[in-house]
>>> print(open('final-v2.cif').read())   # mmCIF, C-alpha atoms
data_data
#
loop_
_atom_site.group_PDB
_atom_site.id
_atom_site.type_symbol
_atom_site.label_atom_id
_atom_site.label_comp_id
_atom_site.auth_asym_id
_atom_site.auth_seq_id
_atom_site.Cartn_x
_atom_site.Cartn_y
_atom_site.Cartn_z
ATOM 1 C CA MET C 1 -34.981 -4.216 -26.667
ATOM 2 C CA LEU C 2 -37.058 -5.745 -23.909
ATOM 3 C CA LYS C 3 -39.226 -3.254 -22.002
ATOM 4 C CA ASN C 4 -40.950 -3.969 -18.706
ATOM 5 C CA ARG C 5 -43.289 -2.705 -15.997
ATOM 6 C CA VAL C 6 -41.443 -4.271 -13.079
ATOM 7 C CA LYS C 7 -40.650 -0.942 -11.404
ATOM 8 C CA GLU C 8 -44.205 0.348 -11.840
ATOM 9 C CA LEU C 9 -45.866 -2.789 -10.447
ATOM 10 C CA ARG C 10 -43.303 -3.151 -7.672
ATOM 11 C CA ALA C 11 -44.129 0.389 -6.542
ATOM 12 C CA ARG C 12 -47.857 -0.344 -6.789
ATOM 13 C CA TYR C 13 -47.533 -3.231 -4.353
ATOM 14 C CA GLY C 14 -45.110 -1.315 -2.126
ATOM 15 C CA PHE C 15 -42.210 -3.724 -2.570
ATOM 16 C CA THR C 16 -38.598 -2.643 -2.373
ATOM 17 C CA GLN C 17 -36.129 -4.181 -4.829
ATOM 18 C CA SER C 18 -34.859 -6.366 -1.970
ATOM 19 C CA ASP C 19 -38.398 -7.541 -1.102
ATOM 20 C CA LEU C 20 -39.090 -8.531 -4.672
ATOM 21 C CA GLY C 21 -35.653 -10.112 -4.995
ATOM 22 C CA LYS C 22 -36.320 -12.294 -1.947
ATOM 23 C CA GLN C 23 -39.677 -13.380 -3.335
ATOM 24 C CA VAL C 24 -38.198 -14.547 -6.620
ATOM 25 C CA ASP C 25 -34.885 -15.709 -5.132
ATOM 26 C CA VAL C 26 -32.495 -13.234 -6.780
ATOM 27 C CA THR C 27 -30.335 -10.351 -5.512
ATOM 28 C CA ARG C 28 -31.553 -6.755 -5.302
ATOM 29 C CA GLN C 29 -29.005 -5.877 -7.986
ATOM 30 C CA THR C 30 -30.609 -8.278 -10.444
ATOM 31 C CA ILE C 31 -34.030 -6.650 -9.945
ATOM 32 C CA ALA C 32 -32.364 -3.274 -10.603
ATOM 33 C CA PHE C 33 -30.704 -4.594 -13.792
ATOM 34 C CA ILE C 34 -34.077 -5.866 -15.047
ATOM 35 C CA GLU C 35 -35.873 -2.601 -14.273
ATOM 36 C CA LYS C 36 -33.245 -0.643 -16.187
ATOM 37 C CA GLY C 37 -33.506 -3.020 -19.131
ATOM 38 C CA GLU C 38 -29.827 -3.836 -18.787
ATOM 39 C CA PHE C 39 -30.515 -7.516 -18.646
ATOM 40 C CA SER C 40 -33.274 -9.770 -20.047
ATOM 41 C CA PRO C 41 -34.395 -12.335 -17.465
ATOM 42 C CA SER C 42 -34.908 -16.005 -18.269
ATOM 43 C CA ILE C 43 -38.390 -17.425 -18.805
ATOM 44 C CA THR C 44 -38.284 -18.989 -15.348
ATOM 45 C CA LEU C 45 -37.455 -15.689 -13.652
ATOM 46 C CA SER C 46 -39.994 -13.817 -15.802
ATOM 47 C CA LEU C 47 -42.717 -16.236 -14.678
ATOM 48 C CA LYS C 48 -41.669 -15.868 -11.035
ATOM 49 C CA LEU C 49 -41.722 -12.070 -11.338
ATOM 50 C CA ALA C 50 -45.131 -12.100 -13.004
ATOM 51 C CA LYS C 51 -46.465 -14.295 -10.206
ATOM 52 C CA ALA C 52 -44.985 -12.082 -7.484
ATOM 53 C CA LEU C 53 -46.429 -8.969 -9.119
ATOM 54 C CA GLN C 54 -49.807 -10.656 -9.722
ATOM 55 C CA THR C 55 -49.819 -10.249 -13.469
ATOM 56 C CA ASN C 56 -48.870 -12.293 -16.523
ATOM 57 C CA VAL C 57 -45.615 -12.285 -18.451
ATOM 58 C CA ASN C 58 -47.125 -10.556 -21.502
ATOM 59 C CA ASP C 59 -48.244 -7.624 -19.405
ATOM 60 C CA LEU C 60 -44.945 -7.447 -17.572
ATOM 61 C CA PHE C 61 -42.553 -7.698 -20.527
ATOM 62 C CA TRP C 62 -42.841 -6.661 -24.161
ATOM 63 C CA LEU C 63 -40.575 -5.846 -27.074
ATOM 64 C CA GLU C 64 -39.893 -2.234 -27.983
ATOM 65 C CA GLU C 65 -40.636 -3.022 -31.649
ATOM 66 C CA ASP C 66 -44.137 -4.226 -30.737
ATOM 67 C CA GLU C 67 -44.720 -0.985 -28.857
ATOM 68 C CA LYS C 68 -43.838 0.990 -32.018
ATOM 69 C CA HIS C 69 -46.147 -1.168 -34.204
ATOM 70 C CA GLU C 70 -49.031 -0.651 -31.816
ATOM 71 C CA LYS C 71 -48.591 3.142 -32.044
ATOM 72 C CA MET H 1 -22.625 -6.769 -1.984
ATOM 73 C CA LYS H 2 -19.864 -4.291 -1.046
ATOM 74 C CA ASN H 3 -18.734 -6.603 1.742
ATOM 75 C CA ASP H 4 -18.706 -9.678 -0.453
ATOM 76 C CA PHE H 5 -15.089 -10.804 -0.476
ATOM 77 C CA ARG H 6 -15.398 -11.999 -4.068
ATOM 78 C CA MET H 7 -15.818 -8.327 -5.056
ATOM 79 C CA GLN H 8 -12.550 -7.447 -3.309
ATOM 80 C CA TYR H 9 -10.688 -10.505 -4.599
ATOM 81 C CA PRO H 10 -9.281 -8.775 -7.751
ATOM 82 C CA LEU H 11 -7.965 -5.933 -5.560
ATOM 83 C CA TRP H 12 -6.077 -8.451 -3.445
ATOM 84 C CA MET H 13 -4.616 -10.070 -6.540
ATOM 85 C CA MET H 14 -3.491 -6.635 -7.765
ATOM 86 C CA GLY H 15 -1.834 -6.065 -4.396
ATOM 87 C CA PHE H 16 0.001 -9.400 -4.545
ATOM 88 C CA ILE H 17 1.211 -8.610 -8.064
ATOM 89 C CA VAL H 18 2.557 -5.216 -6.956
ATOM 90 C CA VAL H 19 4.431 -6.839 -4.041
ATOM 91 C CA LEU H 20 5.818 -9.472 -6.411
ATOM 92 C CA GLY H 21 6.957 -6.664 -8.720
ATOM 93 C CA LEU H 22 8.699 -4.963 -5.784
ATOM 94 C CA PHE H 23 10.446 -8.214 -4.887
ATOM 95 C CA LEU H 24 11.526 -8.637 -8.502
ATOM 96 C CA PHE H 25 12.864 -5.083 -8.546
ATOM 97 C CA GLY H 26 14.799 -5.729 -5.329
ATOM 98 C CA VAL H 27 16.318 -8.963 -6.572
ATOM 99 C CA ASN H 28 17.346 -7.548 -9.929
ATOM 100 C CA SER H 29 18.459 -4.024 -9.117
ATOM 101 C CA PRO H 30 22.221 -3.485 -9.406
ATOM 102 C CA GLU H 31 24.121 -3.522 -6.145
ATOM 103 C CA THR H 32 26.389 -0.654 -7.082
ATOM 104 C CA THR H 33 26.467 2.202 -9.527
ATOM 105 C CA GLU H 34 29.881 3.624 -10.358
ATOM 106 C CA ILE H 35 30.568 6.762 -12.345
ATOM 107 C CA VAL H 36 34.273 7.319 -13.152
ATOM 108 C CA ASN H 37 35.750 10.313 -14.870
ATOM 109 C CA THR H 38 39.192 9.077 -15.944
ATOM 110 C CA GLU H 39 40.825 12.393 -16.927
ATOM 111 C CA THR H 40 40.525 13.928 -13.505
ATOM 112 C CA GLU H 41 40.492 10.610 -11.655
ATOM 113 C CA GLN H 42 37.143 11.358 -10.165
ATOM 114 C CA SER H 43 34.970 8.507 -9.075
ATOM 115 C CA PHE H 44 31.448 8.320 -7.775
ATOM 116 C CA LEU H 45 30.195 5.114 -6.246
ATOM 117 C CA VAL H 46 26.741 4.461 -4.855
ATOM 118 C CA GLU H 47 26.010 1.239 -2.997
ATOM 119 C CA TYR H 48 22.475 -0.055 -3.170
ATOM 120 C CA GLY H 49 23.042 -3.039 -0.903
ATOM 121 C CA LEU H 50 21.066 -1.707 2.022
ATOM 122 C CA VAL H 51 18.199 -0.385 -0.103
ATOM 123 C CA GLN H 52 18.117 -3.610 -2.115
ATOM 124 C CA GLY H 53 18.046 -5.720 1.023
ATOM 125 C CA PHE H 54 15.314 -3.554 2.506
ATOM 126 C CA ILE H 55 13.165 -3.908 -0.637
ATOM 127 C CA ILE H 56 13.640 -7.696 -0.770
ATOM 128 C CA LEU H 57 13.021 -8.272 2.929
ATOM 129 C CA GLY H 58 10.233 -5.685 3.053
ATOM 130 C CA SER H 59 8.408 -7.236 0.116
ATOM 131 C CA ILE H 60 8.683 -10.740 1.640
ATOM 132 C CA VAL H 61 7.350 -9.516 5.017
ATOM 133 C CA LEU H 62 4.588 -7.537 3.304
ATOM 134 C CA TYR H 63 3.678 -10.570 1.179
ATOM 135 C CA LEU H 64 3.422 -12.816 4.235
ATOM 136 C CA ILE H 65 1.308 -10.275 6.139
ATOM 137 C CA MET H 66 -0.994 -9.867 3.142
ATOM 138 C CA LEU H 67 -1.218 -13.637 2.751
ATOM 139 C CA PHE H 68 -2.254 -14.013 6.403
ATOM 140 C CA VAL H 69 -4.917 -11.259 6.187
ATOM 141 C CA PHE H 70 -6.109 -12.704 2.868
ATOM 142 C CA TYR H 71 -6.473 -16.166 4.397
ATOM 143 C CA MET H 72 -8.376 -14.737 7.391
ATOM 144 C CA LYS H 73 -10.707 -12.844 5.056
ATOM 145 C CA ILE H 74 -11.452 -16.025 3.094
ATOM 146 C CA ARG H 75 -12.197 -17.884 6.358
ATOM 147 C CA ARG H 76 -14.517 -15.072 7.461
ATOM 148 C CA HIS H 77 -16.278 -15.044 4.107
ATOM 149 C CA ASN H 78 -16.763 -18.822 4.197
ATOM 150 C CA LYS H 79 -18.150 -18.618 7.727
ATOM 151 C CA MET H 80 -20.615 -15.876 6.776
ATOM 152 C CA ASN H 81 -21.553 -17.398 3.417
ATOM 153 C CA PRO H 82 -21.702 -21.165 3.906
ATOM 154 C CA THR H 83 -23.558 -21.640 0.620
ATOM 155 C CA GLN H 84 -21.032 -19.624 -1.384
ATOM 156 C CA LYS H 85 -17.709 -20.750 0.023
ATOM 157 C CA ILE H 86 -14.420 -19.764 -1.590
ATOM 158 C CA PRO H 87 -12.248 -22.884 -1.829
ATOM 159 C CA SER H 88 -8.592 -22.420 -0.891
ATOM 160 C CA PHE H 89 -7.460 -24.417 -3.911
ATOM 161 C CA ALA H 90 -9.634 -24.239 -7.000
ATOM 162 C CA ILE H 91 -9.040 -23.866 -10.712
ATOM 163 C CA ARG H 92 -12.143 -21.723 -11.116
ATOM 164 C CA PRO H 93 -11.443 -18.053 -10.246
ATOM 165 C CA PRO H 94 -13.334 -17.141 -7.050
ATOM 166 C CA GLU H 95 -14.087 -13.598 -8.232
ATOM 167 C CA TYR H 96 -16.952 -14.861 -10.421
ATOM 168 C CA LEU H 97 -20.257 -13.564 -9.022
ATOM 169 C CA GLU H 98 -22.865 -16.154 -9.890
ATOM 170 C CA GLN H 99 -25.513 -15.986 -7.172
ATOM 171 C CA ASP H 100 -28.235 -15.551 -9.788
ATOM 172 C CA GLU H 101 -28.688 -14.871 -13.481
ATOM 173 C CA GLY H 102 -28.290 -11.078 -13.137
ATOM 174 C CA MET H 103 -24.920 -11.407 -11.438
ATOM 175 C CA THR H 104 -23.876 -14.103 -13.908
ATOM 176 C CA HIS H 105 -24.725 -11.629 -16.676
ATOM 177 C CA ILE H 106 -22.356 -8.923 -15.364
ATOM 178 C CA THR H 107 -19.650 -11.513 -14.636
ATOM 179 C CA ARG H 108 -19.920 -12.661 -18.253
ATOM 180 C CA LYS H 109 -19.595 -9.074 -19.513
ATOM 181 C CA ALA H 110 -16.506 -8.472 -17.347
ATOM 182 C CA SER H 111 -14.964 -11.804 -18.394
ATOM 183 C CA GLN H 112 -15.527 -10.954 -22.064
ATOM 184 C CA LYS H 113 -13.624 -7.688 -21.607
ATOM 185 C CA VAL H 114 -10.735 -9.521 -19.942
ATOM 186 C CA TYR H 115 -10.727 -12.124 -22.722
ATOM 187 C CA THR H 116 -10.611 -9.369 -25.361
ATOM 188 C CA PHE H 117 -7.670 -7.795 -23.535
ATOM 189 C CA MET H 118 -5.881 -11.148 -23.326
ATOM 190 C CA THR H 119 -6.457 -11.837 -27.026
ATOM 191 C CA TRP H 120 -4.362 -8.768 -27.849
ATOM 192 C CA SER H 121 -1.942 -8.593 -24.964
ATOM 193 C CA LEU H 122 -0.618 -12.179 -25.027
ATOM 194 C CA PRO H 123 0.607 -12.098 -28.655
ATOM 195 C CA GLY H 124 2.065 -8.651 -27.935
ATOM 196 C CA LEU H 125 3.818 -10.063 -24.908
ATOM 197 C CA ALA H 126 5.186 -12.976 -26.955
ATOM 198 C CA VAL H 127 6.574 -10.588 -29.598
ATOM 199 C CA PHE H 128 8.075 -8.420 -26.861
ATOM 200 C CA ALA H 129 9.733 -11.453 -25.256
ATOM 201 C CA MET H 130 11.137 -12.641 -28.609
ATOM 202 C CA PHE H 131 12.513 -9.388 -29.979
ATOM 203 C CA SER H 132 13.091 -7.102 -27.023
ATOM 204 C CA PRO H 133 16.763 -6.219 -26.532
ATOM 205 C CA LEU H 134 16.010 -5.608 -22.857
ATOM 206 C CA SER H 135 16.962 -8.107 -20.190
ATOM 207 C CA ARG H 136 14.727 -10.973 -19.056
ATOM 208 C CA ILE H 137 13.535 -8.996 -16.048
ATOM 209 C CA TYR H 138 11.539 -6.691 -18.329
ATOM 210 C CA THR H 139 9.720 -9.666 -19.851
ATOM 211 C CA VAL H 140 8.753 -10.834 -16.360
ATOM 212 C CA LEU H 141 7.662 -7.287 -15.485
ATOM 213 C CA ALA H 142 5.580 -7.132 -18.683
ATOM 214 C CA ILE H 143 3.850 -10.397 -17.662
ATOM 215 C CA LEU H 144 3.080 -8.895 -14.247
ATOM 216 C CA VAL H 145 1.702 -5.744 -15.894
ATOM 217 C CA VAL H 146 -0.628 -7.850 -18.090
ATOM 218 C CA ALA H 147 -1.732 -9.872 -15.047
ATOM 219 C CA PHE H 148 -2.361 -6.642 -13.121
ATOM 220 C CA LEU H 149 -4.319 -5.055 -15.963
ATOM 221 C CA GLN H 150 -6.621 -8.056 -16.384
ATOM 222 C CA TYR H 151 -7.736 -7.626 -12.756
ATOM 223 C CA VAL H 152 -8.146 -3.868 -13.262
ATOM 224 C CA ILE H 153 -10.416 -4.484 -16.270
ATOM 225 C CA TYR H 154 -12.455 -7.134 -14.465
ATOM 226 C CA TYR H 155 -12.841 -5.100 -11.275
ATOM 227 C CA ARG H 156 -13.757 -1.861 -13.061
ATOM 228 C CA GLU H 157 -16.470 -3.559 -15.121
ATOM 229 C CA ILE H 158 -18.084 -5.293 -12.126
ATOM 230 C CA ARG H 159 -17.776 -2.146 -10.016
ATOM 231 C CA LYS H 160 -19.356 -0.013 -12.757
ATOM 232 C CA HIS H 161 -22.538 -2.097 -12.738
ATOM 233 C CA LEU H 162 -22.790 -2.482 -8.991
ATOM 234 C CA ARG H 163 -22.008 1.161 -8.241
ATOM 235 C CA GLU H 164 -24.840 2.268 -10.523
ATOM 236 C CA GLU H 165 -27.191 0.076 -8.532
ATOM 237 C CA ASP H 166 -25.875 1.277 -5.166
ATOM 238 C CA GLU H 167 -26.490 4.944 -6.061
#
>>> encode(input="final-v2.cif", output="structure tokens")
Amino acid sequence: MLKNRVKELRARYGFTQSDLGKQVDVTRQTIAFIEKGEFSPSITLSLKLAKALQTNVNDLFWLEEDEKHEK
Amino acid sequence: MKNDFRMQYPLWMMGFIVVLGLFLFGVNSPETTEIVNTETEQSFLVEYGLVQGFIILGSIVLYLIMLFVFYMKIRRHNKMNPTQKIPSFAIRPPEYLEQDEGMTHITRKASQKVYTFMTWSLPGLAVFAMFSPLSRIYTVLAILVVAFLQYVIYYREIRKHLREEDE
């Protein structure tokens, strides 16, 4: 499963889901789906999100299996 | 999102199907019911003519009113969403929500559920139509029930995802 830090970074920069959605040209609902892990975004959207949240894709998204291996 | 007419579209289709079912019931209901007890010469006759006529006329009037409101809603939606217009005549169902990849994802999930339902219900419907001793009206009613249920499945799935996000 794909895990992410979208919610955490969005809160850090004080963005609402709608704000972030407007920046990356998607609906608020789509940001919510991503945060909940209900939906894996495309590479294009992942890159846009990483740019909007001033980070890189690897820091924003990772696989749950990798998280387990690292522990 | 709640005010997006494409969200309400399945509900309208369900409404039209119900009205069509009412019309069908009106057209096919018997005009009279007669119960006769021959030994005592008793007879009981009920005339449905008035009720039948009311159902037929009522369903036609209701259908036309709904059609008018439906058309006005589409016009309003198209005015407010010029980039996501609902065409009056299109093969592609307008209830698909495809503004972005997240919405396309939930539309795909809902469509898959409807497809799964259709995979089972259509053969069942065919068997029912072939072997049912009931009159043809019941086959038509069964088709309307399947059509109604496909919208229920689609609407419930989309609503489930969007309601979670609204809360």
>>> resolve_selection(input="final-v2.cif", expression="the PyMOL selection byres ((chain H) within 8 of (chain C))", output="PDB file with C-alpha atoms, in the coordinates of the input")
ATOM      1  CA  GLN H  99     -25.513 -15.986  -7.172  1.00  0.00           C
ATOM      2  CA  ASP H 100     -28.235 -15.551  -9.788  1.00  0.00           C
ATOM      3  CA  GLU H 101     -28.688 -14.871 -13.481  1.00  0.00           C
ATOM      4  CA  GLY H 102     -28.290 -11.078 -13.137  1.00  0.00           C
ATOM      5  CA  MET H 103     -24.920 -11.407 -11.438  1.00  0.00           C
ATOM      6  CA  HIS H 105     -24.725 -11.629 -16.676  1.00  0.00           C
ATOM      7  CA  LEU H 162     -22.790  -2.482  -8.991  1.00  0.00           C
ATOM      8  CA  GLU H 165     -27.191   0.076  -8.532  1.00  0.00           C
TER       9      GLU H 165
END
>>> residues_around(input="final-v2.cif", residues="segment 122-133 of chain H", least_positions_apart="2", cutoff="12 Å", atoms="only C-alpha atoms", output="MDAnalysis selection string")
chainID H and resid 114:120 135:147 150
>>> resolve_selection(input="final-v2.cif", expression="the PyMOL selection byres ((chain C and resi 6) around 10)", output="PDB file with C-alpha atoms, in the frame of the given file")
ATOM      1  CA  LYS C   3     -39.226  -3.254 -22.002  1.00  0.00           C
ATOM      2  CA  ASN C   4     -40.950  -3.969 -18.706  1.00  0.00           C
ATOM      3  CA  ARG C   5     -43.289  -2.705 -15.997  1.00  0.00           C
ATOM      4  CA  LYS C   7     -40.650  -0.942 -11.404  1.00  0.00           C
ATOM      5  CA  GLU C   8     -44.205   0.348 -11.840  1.00  0.00           C
ATOM      6  CA  LEU C   9     -45.866  -2.789 -10.447  1.00  0.00           C
ATOM      7  CA  ARG C  10     -43.303  -3.151  -7.672  1.00  0.00           C
ATOM      8  CA  ALA C  11     -44.129   0.389  -6.542  1.00  0.00           C
ATOM      9  CA  ARG C  12     -47.857  -0.344  -6.789  1.00  0.00           C
ATOM     10  CA  GLN C  17     -36.129  -4.181  -4.829  1.00  0.00           C
ATOM     11  CA  LEU C  20     -39.090  -8.531  -4.672  1.00  0.00           C
ATOM     12  CA  ILE C  31     -34.030  -6.650  -9.945  1.00  0.00           C
ATOM     13  CA  ALA C  32     -32.364  -3.274 -10.603  1.00  0.00           C
ATOM     14  CA  ILE C  34     -34.077  -5.866 -15.047  1.00  0.00           C
ATOM     15  CA  GLU C  35     -35.873  -2.601 -14.273  1.00  0.00           C
ATOM     16  CA  LYS C  36     -33.245  -0.643 -16.187  1.00  0.00           C
ATOM     17  CA  LEU C  49     -41.722 -12.070 -11.338  1.00  0.00           C
ATOM     18  CA  ALA C  50     -45.131 -12.100 -13.004  1.00  0.00           C
ATOM     19  CA  LEU C  53     -46.429  -8.969  -9.119  1.00  0.00           C
ATOM     20  CA  ASP C  59     -48.244  -7.624 -19.405  1.00  0.00           C
ATOM     21  CA  LEU C  60     -44.945  -7.447 -17.572  1.00  0.00           C
ATOM     22  CA  PHE C  61     -42.553  -7.698 -20.527  1.00  0.00           C
TER      23      PHE C  61
END
>>> residues_around(input="final-v2.cif", residues="Gly53 of chain H", least_positions_apart="4", cutoff="8 Å", atoms="only C-alpha atoms", output="NGL selection string")
:H and (26 or 49 or 57)
>>> resolve_selection(input="final-v2.cif", expression="the PyMOL selection byres ((chain H and resi 94) around 12)", output="PyMOL selection string")
chain H and resi 4-10+12-13+74+77-78+84-93+95-98+107
>>> atom_distance(input="final-v2.cif", atom1="atom CA of Gly14 of chain C", atom2="atom CA of Gly37 of chain C")
20.7 Å
>>> atom_distance(input="final-v2.cif", atom1="atom CA of Gln52 of chain H", atom2="atom CA of Phe148 of chain H")
23.4 Å
>>> closest_residue(input="final-v2.cif", among="H:Lys109, H:Lys160, H:Ile153, H:Phe16", to="Val69 of chain H", atoms="all atoms listed in the file")
H:Phe16
